Every structure is written in structure tokens, then in C-alpha cells.
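See structure below.
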Amino acid sequence: MQTAKNLGEYRSELREALSDDFLRKAMDNFAVAYRVSREKAFAGMDIEAVVQAIATAKDNAVARMDELYAEFKQKAEAAGATVHLAKTAGEANELVASIARKAGVKRVLKSKSMTAEETHLNHHLEAAGLEVTETDLGEFIIQLRGEGPTHMVMPAIHLSRYEVADLFADVTKKKQDSEIEKLVKVARRELRAKFNQAEMGVSGANFAISETGTLAVLTNEGNARLTATLPRVHVFMVGLDKLTPTVEDALTAIRGLPRNATGQAITSYVSWITGPAQCAAAPGGKKELHIILLDNGRSAIAKDPLFAQALRCVRCGACANVCPVYRMVGGHKYGHVYIGAIGLILTYFYHGRDKAKNLVQNCINCGACKAVCIAGIDLPRLIKEVYARIQDEEGHSLPNAMLGRVLQNRSLFHGLLRAAKLVQRPVTGGTPYLRHLPQFFARDHGFRALPAIAEKPFRDMWPALKPRVDAPKASVALFAGCVQDFVYPEQAVAMVKVLAAGGAAVEFPMGQSCCGLPVEMMGEKKAARDVAVQNIKALDPAVFDYIVCGCASCASHLKKAYPRLLADDPGLALTAQRFADKVIDFSSFVRDVLGMDAESFKNDAVQTAYHSPCHLCRGLGVTKPPRELIAMAGQYAPAAEEDVCCGFGGTYSSKFPEVSAEILAKKLSHVEAAGAARLVTDCPGCVMQLRGGMEKRGAGTVVRHIAEVLAENLKG
Ligand code: SF4
Ligand code: SF4
């Protein structure tokens, strides 16, 4: 697969993918259908328990990799196989080629193996003069097209049946019907002849079980079984991460793997292979069986305290299925060989920094992959860490380093925002938006109207605004974040009004600054840490009962990232945890702590759709309180995919505006289809994206922060 040299080149590739209507439709249909079938497949099961069991079993196996390899080798060889260890991709490929040479093999059959994709085995064998045929239908199709897979489980998902019919017509020199069943028959006919002729089969395996020396293979097409049965020589190529201590551990993973991959309770075929089988084509009637266990960096990852969890991956592909970016651009632009969130991480380790450095920036940090991962891998965090590592290795880019410096100095940051307010005047035209932007900027970023910096930041309003609350229920430090403070101060004003009405004594500590999430996203770890320290000092957890935040992204970052960022600081680790324990989002605080209910609000009966911010629903697990509050102050009008990202992602929307625009367009269409006159959310970043998009569409739907709607409808 080609790799873009820089971000500019990568972005033009993304634009190309975005203009592929079939790809977009196929991805879209699949994303919607996948959610439904996954839910059905897990119905009645405790998914969290399944995730926990898989994570524990995999962590145990990864920690014992060397020991399991030795045990597996001993058991598999006792059963008659030959086990090889390949340190690198090149070594693995050469092993397969030399086994073929020694056995006088000319034709090789392959069944789907991501490990063989990783090593680019086909190229190697073809260069050695062997004929290689992929036997999985999707792999067969992409092999004929000379492409790599676009999904780990469904490699040809990007192609229409018409494209496949044309391709098969070229191969068979006969016009082909585009009916899917007929196309499958054509492939079967073509492949049967190959099955009869091949002398060697190569396949991957899902598990290499060390207690028995068994390989377990899960497939839906039966081709893996034929590949491993008919030819006289067979080679399994398996990553060291597939070593599994017991059959029971493999069964634990099988409870989750097919359900998470394709929404099936179990795949059509589950094969367990121990030692070489009888084979009529083999001299002596017994197959020659080789098992190559590939390291290619895995044993080093296993020793990395943070990245070892990446080896839990069971290759279900679900992290791609739910990823809003993958849904827009497809796998050829969202991975190198491995696709989706895990692909962004593994590409760096298995294929190197050059292949990973553009890809890894194309993550909007929505957390959908983490929420669906059946192995419980913290994928967004690892993606950020890979980006930070790449920057540490290559040098930090100027914009990232500059933003890091600016955010570390609160006075400078706020001074720049105040200066921007003055500079923007010629481009606002007296409106709350930046209207007259230079053409080159508007071309990419014109999909949403950008808000102007507010005339007066919230911090300047605060002294005159601070309400007096007698006998308060709780003392609250309000964390506004930079957007509410400098762009939408009216949201913070509304929050104060609601909090005071609910009986909270509110304070706005002036020493607070940006939460630090943007710099963490940019790989500026030191700046992220410094900002965390500033905020913890400003909003002293010893002084306040709660730290309330009206920005979902800030709240999630303050609560989840601060303890992690300061974990190794003996002087601050405990305080950071105390601070995090007190952080709560605005909706949960109003509903669950202050206990505000339908009696607290008038109902204005406005049809109101809700956008559930990624960092609220997945980051903090908050789903009910905002919807309940909306129903108290208006008429809740559910929209499709409320919890799917709006495409903002902070700096993401400036770096990849073309992707951001498409994600936003889908979101706004869902809101319009819900017939809502008002769209409410609880994150100022989402408000910026959604309101800007609605403004550009000229749609009548107003976009509000939930606090504004509640404040307007307060009784009394
Ligand atoms: S965090 Fe969201 S955008 Fe990033 S890889 Fe995961 S699903 Fe995709
Ligand atoms: S990272 Fe998780 S969701 Fe993605 S393929 Fe691996 S196991 Fe599946």
C-alpha cells in the first residue's frame, strides 16, 4: 500500500475517498447494520464481564509469551508439526519460501491471514516464482485487483457487486452477471481448480493453544479448512500474540469474538488442528505441517507497560466498524495493513513511523472504538501515545510546540484571546460569526460558520454576576474551559443561574485555564501536565464540594486524564485524584446532586433533539440526566445516532476539515429528520460545530447548550 509523504498528500487522498459515493454508501449501510446485529448478538449477555474475561486471559498470555512459546513448540512438535520462530517479517517470508522450495512446491493456496498480510507474504512468494492464490472470497477479489484489505474481517467491503462482476469478467474472459450468488459461484469454480492443483496451503490462526499444541481457526467460508486439508504441505503463520495457555482461554475469547466482529453467535466453521492430518496427496499419506510464530516486534510490545494491552487484540475489526472517520474514508485510508483504531497503533510498531505518522493524526478522539473493543483496549489513549512518541522521535511540529508554550502560560493565552477579539472586528460584520475569511481558508473550513470571540469573557463578567445563595446545598467551583470563557460566556452565565436556583454556592476561580486536552491531543505531554497542575491549584479540591463543568470534553479530561498525567508525581498524585473525584458534568450535577426536576422548570414544548457528546456518553458514561432534563424543559425528539460524534474533535476539525464536514453533515441530517426545532447538547465545542453547520445550511434549527434552555425555563 502506498503511503502519503506528508499530511497535505494524505488529505488529498482522504478527499478522493470522500468523493467515492459507493464507498460512502457501503460504509454507511454497514455501520448502521453492524450496531443492530451486535446488539442482538450480545442480547442477555453481560458484555462487560466478557470484555473483562478476555482482557484478563490475554494479559496473562502476553505476560507469559516466552513460556507459552516453549510449551506450544514442545506440544505441537510432539504431535508431529515443525514449529519455527521468525523474528522479523522478512524471516517469516523466507521460511515459507524455503519450506516450499524444499518440498518442490509450485502452487500455494492461501486462506485469510492478517499476519501474512503484515509480512507481505504474497509478494515474497511470487518473487520467488511461486503461484499464490487467495481462497477467501474477499481476499481473492482484492488479490485480483492488486489491493490490500479495507477491513480486517471484510477485506472487499469497499467494492460493489458490479465492480466485482467486471473484474470476474476480465479474469474469465466472459461477461458475468452481477447477482451476488452467481458471482460466488464464479469464484468457487475458479478456485476449485486451484484447490486441486496446489501443493501447499498457508493460513493464519486465531489461537495457538500451548497446553495442546493446537491451532484454532474461525471462518465463515470453509476455505481455510480446505486449504489446510487438501495440499500435501501446510504452513500456519501466526503472531506470537495468538499464543493462548488453554482451550478454555480460547473459548472465553470465542464467546466475544464473532459476536463483536459480525454479530454472529459463532462463525460457520471453527477448526481445531493438532498435528498433521492424513493426506492422500502426501508421500507416506501424512501431511507436512509447519507452524511459524512471528515476532516482528511483539515480544518488545509485550514488555511495554502501556502498549502491551495492544496485544490483547483478537482482530474482530469492531474498532473500525464504529469509527466515524473510518466510516467516511474506508480502510485504505484508515490503516496500512491493519485497519481501524488498532491499525493506527500497530502500523507504527509493525510497519514503522513513516507509515504511521499521518494516519495517527486522523483520530477524532471520540472513544467509540474503546467502548466497543471486546478486549478492553484503551485505543484512543494508545493512539495519542503513538503520536506523542512519533513527535518525540522526529521533533515536535512548530504549531504543536507553539500551542504547548502558549497554553502553559495562562496570562499569555488569555492575552492572545483578548487581542484576537480586537483583530477579528473587520471580519465579523457585526455578527457573532467570522464572516469574511480569506478564500484559501474558507475553501476548506467554510462548511461551518466560525464563532467570533465574545466581546466580554465570562471571567470579566463574574464579579458582577456572582449570586448569593443562602444555606447552600453544596459549594461549587465552576470550570468553564476556554470556549465558554471566551467564546460563549452566555453558556456559563446560564449555568450559574441554574446552579444558584438549585441551591449551589458557585465560585469561579480566576486562576483556571484551558483543560489541556488540545495539547495532549497534539502529543505535547509536558504542556498537558503543566496545565493540569495549574488547574488543580486554581480549583483546590480541599475548598470545594464539587467541580462542575459544562464542557463534556473538559470534564472528561479533568476527571480521567489528570490522575494519569500526575500519577508519577508523589507531591500531586493524591491531590489530582481528589480533584478528579470532585469533577462532575453540569447535567448530572443538576439532576442527580441538586435533584432539580420537572417542578423546577417550565416546559416550553419545543421539539428538541439531543446530541450526546462523545466525552459525556462514552468518556463519563453519562446518558440519562441530559435527556431527562430536556424532557422537563421541552419535548424530547429522539434523533438517529445521537451518540455518534459531531465531527468537531477540537483541533481535529481544523486539521481534517473535509472529514469533519462529512461527519457533521450526517449528524445535522439526522437532527432534521427528527423534526426538531431545537438541538441541545452539553459541550460548547459541539455547539460550535453544530451551530456553525446549521448556520451554513440556513436551517431553522437553533443550537443551544443545555444550560441555556434550562435557565430560560427556570420557574420563579
Ligand atoms: S477514537 Fe474515534 S476517531 Fe479515533 S480511532 Fe477511535 S473510533 Fe476512530
Ligand atoms: S482492538 Fe479491540 S475492537 Fe479492534 S480489532 Fe482488536 S479486539 Fe477488535
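Residue numbering restarts at 1 for every chain of the C-alpha cells, chains are lettered A, B, ... in their displayed order, and ligands are numbered from 1 as they appear.
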Which residues of chain A come within 10 Å of ligand 2, and for each one, what is the closest pair of atoms and their distance in Å to one decimal, counting only C-alpha atoms and all ligand atoms, sorted by chain and residue number, as CSV?
residue,atom,partner,partner_atom_place_in_ligand_line,distance
A:Val51,CA,ligand 2,7 (S),9.5
A:Ile54,CA,ligand 2,7 (S),9.4
A:Ala55,CA,ligand 2,7 (S),9.5
A:His151,CA,ligand 2,5 (S),9.9
A:Met152,CA,ligand 2,5 (S),7.8
A:Val153,CA,ligand 2,5 (S),9.1
A:Ala253,CA,ligand 2,7 (S),9.7
A:Gly256,CA,ligand 2,7 (S),9.3
A:Leu257,CA,ligand 2,8 (Fe),7.6
A:Pro258,CA,ligand 2,8 (Fe),9.9
A:Asn260,CA,ligand 2,8 (Fe),7.3
A:Ala261,CA,ligand 2,8 (Fe),7.1
A:Gln309,CA,ligand 2,1 (S),9.3
A:Ala310,CA,ligand 2,1 (S),6.9
A:Leu311,CA,ligand 2,6 (Fe),8.4
A:Arg312,CA,ligand 2,7 (S),6.8
A:Cys313,CA,ligand 2,6 (Fe),3.6
A:Val314,CA,ligand 2,7 (S),4.4
A:Arg315,CA,ligand 2,5 (S),3.8
A:Cys316,CA,ligand 2,8 (Fe),3.9
A:Gly317,CA,ligand 2,5 (S),3.9
A:Ala318,CA,ligand 2,3 (S),4.3
A:Cys319,CA,ligand 2,3 (S),4.0
A:Ala320,CA,ligand 2,4 (Fe),6.8
A:Asn321,CA,ligand 2,3 (S),8.5
A:Val322,CA,ligand 2,3 (S),9.1
A:Tyr338,CA,ligand 2,5 (S),8.8
A:Ile339,CA,ligand 2,5 (S),8.3
A:Gly340,CA,ligand 2,4 (Fe),7.0
A:Ala341,CA,ligand 2,4 (Fe),6.3
A:Ile342,CA,ligand 2,1 (S),4.7
A:Gly343,CA,ligand 2,4 (Fe),8.1
A:Ile345,CA,ligand 2,1 (S),9.3
A:Leu346,CA,ligand 2,1 (S),9.7
A:Ala368,CA,ligand 2,3 (S),9.7
A:Cys369,CA,ligand 2,3 (S),6.3
A:Lys370,CA,ligand 2,3 (S),7.3
A:Ala371,CA,ligand 2,3 (S),8.6
A:Val372,CA,ligand 2,3 (S),6.0
A:Cys373,CA,ligand 2,3 (S),3.6
A:Ile374,CA,ligand 2,7 (S),5.2
A:Ala375,CA,ligand 2,7 (S),5.0
A:Gly376,CA,ligand 2,2 (Fe),6.7
A:Ile377,CA,ligand 2,2 (Fe),6.1
A:Asp378,CA,ligand 2,1 (S),8.6
A:Leu379,CA,ligand 2,1 (S),6.9
For C-alpha atoms, I'd like the residues from the last selection saved as a short mmCIF file (atom, residue, chain, number, x, y, z; two decimals), in the first residue's frame.
data_model
loop_
_atom_site.label_atom_id
_atom_site.label_comp_id
_atom_site.auth_asym_id
_atom_site.auth_seq_id
_atom_site.Cartn_x
_atom_site.Cartn_y
_atom_site.Cartn_z
CA VAL A 51 -14.59 -7.96 27.97
CA ILE A 54 -10.91 -11.68 27.55
CA ALA A 55 -8.69 -8.85 28.77
CA HIS A 151 -11.32 -4.20 6.62
CA MET A 152 -9.75 -6.94 8.75
CA VAL A 153 -12.83 -9.17 8.59
CA ALA A 253 -12.38 -15.27 23.64
CA GLY A 256 -16.95 -12.43 22.29
CA LEU A 257 -15.01 -12.51 19.02
CA PRO A 258 -17.64 -13.45 16.39
CA ASN A 260 -18.24 -8.39 18.16
CA ALA A 261 -16.93 -8.94 14.64
CA GLN A 309 -2.54 -4.15 26.05
CA ALA A 310 -2.49 -3.75 22.23
CA LEU A 311 -1.58 -7.45 22.07
CA ARG A 312 -4.94 -8.35 23.59
CA CYS A 313 -6.48 -7.64 20.17
CA VAL A 314 -8.42 -10.60 18.77
CA ARG A 315 -8.81 -8.92 15.33
CA CYS A 316 -12.59 -8.64 15.41
CA GLY A 317 -12.46 -5.40 13.41
CA ALA A 318 -15.14 -3.74 15.55
CA CYS A 319 -12.98 -0.70 16.29
CA ALA A 320 -13.19 0.11 12.57
CA ASN A 321 -16.91 -0.68 12.37
CA VAL A 322 -17.84 2.08 14.81
CA TYR A 338 -4.20 -3.39 9.97
CA ILE A 339 -7.29 -1.18 9.76
CA GLY A 340 -9.21 0.99 12.20
CA ALA A 341 -8.16 2.15 15.66
CA ILE A 342 -5.90 -0.82 16.34
CA GLY A 343 -4.41 -0.37 12.87
CA ILE A 345 -1.35 1.72 16.64
CA LEU A 346 0.02 -1.49 15.10
CA ALA A 368 -16.25 4.80 20.09
CA CYS A 369 -13.52 2.22 19.46
CA LYS A 370 -12.69 1.89 23.13
CA ALA A 371 -16.37 1.44 24.00
CA VAL A 372 -16.77 -1.44 21.53
CA CYS A 373 -13.42 -3.20 21.94
CA ILE A 374 -14.05 -6.74 23.12
CA ALA A 375 -10.57 -6.89 24.63
CA GLY A 376 -10.99 -3.62 26.59
CA ILE A 377 -8.05 -1.85 24.95
CA ASP A 378 -7.80 1.89 25.62
CA LEU A 379 -7.35 2.57 21.92
#
All strand (DSSP E) positions in region 163-237 of chain A, as a list in words: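 For region 163-237 of chain A, the strand (DSSP E) set is Met200, Gly201, Val202, Ser203, Phe207, Ala208, Ile209, Thr214, Leu215, Ala216, Val217, Leu218, Thr219, Val233, His234, Val235, Phe236 and Met237 of chain A.
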Test item: residues at most 12 Å from Ile584 (chain A), only C-alpha atoms, excluding those fewer than 2 positions along its chain, as a ChimeraX atom specification: /A:476-479,545-560,579-582,586-593,616,619-622
DSSP alpha helix (DSSP H) selection over region 175-396 of chain A, as a PyMOL selection string: chain A and resi 180-197+223-229+247-262+298-302+318-321+324-329+340-346+353-356+368-372+379-394
Those same residues, written as a JSON list (two decimals), in the first residue's frame with C-alpha atoms?
[["chain", "number", "residue", "atom", "x", "y", "z"],
["A", 180, "ILE", "CA", -24.08, -11.98, -5.72],
["A", 181, "GLU", "CA", -24.90, -15.70, -5.66],
["A", 182, "LYS", "CA", -23.76, -16.03, -9.25],
["A", 183, "LEU", "CA", -20.54, -14.19, -8.51],
["A", 184, "VAL", "CA", -19.86, -16.53, -5.59],
["A", 185, "LYS", "CA", -20.33, -19.48, -7.96],
["A", 186, "VAL", "CA", -17.82, -17.99, -10.42],
["A", 187, "ALA", "CA", -15.27, -17.61, -7.65],
["A", 188, "ARG", "CA", -15.93, -21.12, -6.41],
["A", 189, "ARG", "CA", -15.46, -22.55, -9.92],
["A", 190, "GLU", "CA", -12.21, -20.68, -10.42],
["A", 191, "LEU", "CA", -10.92, -21.65, -7.00],
["A", 192, "ARG", "CA", -11.85, -25.34, -7.11],
["A", 193, "ALA", "CA", -9.35, -25.95, -9.87],
["A", 194, "LYS", "CA", -6.67, -24.23, -7.79],
["A", 195, "PHE", "CA", -7.53, -26.33, -4.74],
["A", 196, "ASN", "CA", -6.99, -29.48, -6.79],
["A", 197, "GLN", "CA", -3.61, -28.36, -8.11],
["A", 223, "ASN", "CA", -11.94, -22.27, 2.57],
["A", 224, "ALA", "CA", -9.50, -22.33, 5.48],
["A", 225, "ARG", "CA", -10.48, -25.92, 6.19],
["A", 226, "LEU", "CA", -9.97, -26.93, 2.56],
["A", 227, "THR", "CA", -6.67, -25.05, 2.40],
["A", 228, "ALA", "CA", -5.43, -26.87, 5.47],
["A", 229, "THR", "CA", -6.73, -30.25, 4.24],
["A", 247, "VAL", "CA", -8.53, -24.36, 25.30],
["A", 248, "GLU", "CA", -10.71, -22.74, 27.93],
["A", 249, "ASP", "CA", -9.00, -19.37, 27.36],
["A", 250, "ALA", "CA", -9.64, -19.71, 23.63],
["A", 251, "LEU", "CA", -13.30, -20.50, 24.31],
["A", 252, "THR", "CA", -13.53, -17.41, 26.54],
["A", 253, "ALA", "CA", -12.38, -15.27, 23.64],
["A", 254, "ILE", "CA", -14.68, -17.08, 21.20],
["A", 255, "ARG", "CA", -17.68, -16.01, 23.30],
["A", 256, "GLY", "CA", -16.95, -12.43, 22.29],
["A", 257, "LEU", "CA", -15.01, -12.51, 19.02],
["A", 258, "PRO", "CA", -17.64, -13.45, 16.39],
["A", 259, "ARG", "CA", -20.37, -11.53, 18.20],
["A", 260, "ASN", "CA", -18.24, -8.39, 18.16],
["A", 261, "ALA", "CA", -16.93, -8.94, 14.64],
["A", 262, "THR", "CA", -20.04, -9.70, 12.63],
["A", 298, "ARG", "CA", 5.55, -8.37, 19.51],
["A", 299, "SER", "CA", 7.90, -9.51, 22.28],
["A", 300, "ALA", "CA", 9.08, -5.90, 22.68],
["A", 301, "ILE", "CA", 5.48, -4.62, 22.85],
["A", 302, "ALA", "CA", 4.72, -7.31, 25.44],
["A", 318, "ALA", "CA", -15.14, -3.74, 15.55],
["A", 319, "CYS", "CA", -12.98, -0.70, 16.29],
["A", 320, "ALA", "CA", -13.19, 0.11, 12.57],
["A", 321, "ASN", "CA", -16.91, -0.68, 12.37],
["A", 324, "PRO", "CA", -16.77, 7.76, 12.41],
["A", 325, "VAL", "CA", -13.61, 8.54, 10.44],
["A", 326, "TYR", "CA", -13.28, 5.01, 9.03],
["A", 327, "ARG", "CA", -16.96, 5.19, 8.09],
["A", 328, "MET", "CA", -16.23, 8.22, 5.92],
["A", 329, "VAL", "CA", -12.91, 7.30, 4.31],
["A", 340, "GLY", "CA", -9.21, 0.99, 12.20],
["A", 341, "ALA", "CA", -8.16, 2.15, 15.66],
["A", 342, "ILE", "CA", -5.90, -0.82, 16.34],
["A", 343, "GLY", "CA", -4.41, -0.37, 12.87],
["A", 344, "LEU", "CA", -3.33, 3.16, 13.74],
["A", 345, "ILE", "CA", -1.35, 1.72, 16.64],
["A", 346, "LEU", "CA", 0.02, -1.49, 15.10],
["A", 353, "ARG", "CA", 6.94, 5.51, 11.86],
["A", 354, "ASP", "CA", 6.74, 6.69, 8.26],
["A", 355, "LYS", "CA", 3.67, 4.62, 7.55],
["A", 356, "ALA", "CA", 2.02, 5.67, 10.82],
["A", 368, "ALA", "CA", -16.25, 4.80, 20.09],
["A", 369, "CYS", "CA", -13.52, 2.22, 19.46],
["A", 370, "LYS", "CA", -12.69, 1.89, 23.13],
["A", 371, "ALA", "CA", -16.37, 1.44, 24.00],
["A", 372, "VAL", "CA", -16.77, -1.44, 21.53],
["A", 379, "LEU", "CA", -7.35, 2.57, 21.92],
["A", 380, "PRO", "CA", -7.72, 6.39, 21.89],
["A", 381, "ARG", "CA", -5.09, 6.70, 24.59],
["A", 382, "LEU", "CA", -2.65, 4.45, 22.74],
["A", 383, "ILE", "CA", -3.25, 6.39, 19.51],
["A", 384, "LYS", "CA", -2.38, 9.65, 21.32],
["A", 385, "GLU", "CA", 0.70, 7.99, 22.81],
["A", 386, "VAL", "CA", 1.88, 6.81, 19.40],
["A", 387, "TYR", "CA", 1.53, 10.36, 18.08],
["A", 388, "ALA", "CA", 3.45, 11.71, 21.07],
["A", 389, "ARG", "CA", 6.21, 9.12, 20.52],
["A", 390, "ILE", "CA", 6.49, 9.97, 16.85],
["A", 391, "GLN", "CA", 6.85, 13.64, 17.73],
["A", 392, "ASP", "CA", 9.46, 12.85, 20.35],
["A", 393, "GLU", "CA", 11.39, 10.84, 17.76],
["A", 394, "GLU", "CA", 11.05, 13.26, 14.85]]
Given only C-alpha atoms as the counted atoms, nearest of A:Tyr652, A:Tyr610, A:Tyr69, A:Phe42 to Val671 (chain A): A:Tyr610
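The two atoms in question, CA of Glu71 (chain A) and CA of Thr244 (chain A), are spaced 10.5 Å apart.
Of the listed residues (A:Val606, A:Cys515, A:Met521, A:Ala53), A:Met521 comes nearest to Gly649 (chain A); the distances count only C-alpha atoms.
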Option closest in space to Pro457 (chain A), from A:Gln491, A:Thr608, A:Thr431, A:Asn296 [counting only C-alpha atoms]: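 Counting only C-alpha atoms, the residue closest to Pro457 (chain A) is A:Gln491.
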Polymer residues at most 12 Å from Val96 (chain A), only C-alpha atoms, same-chain spacing of 3 or more positions, as a ChimeraX atom specification: /A:83-86,89-93,99-103,105,108,110,116,119-122,124-126,128,130,200-203,233-237,289-294
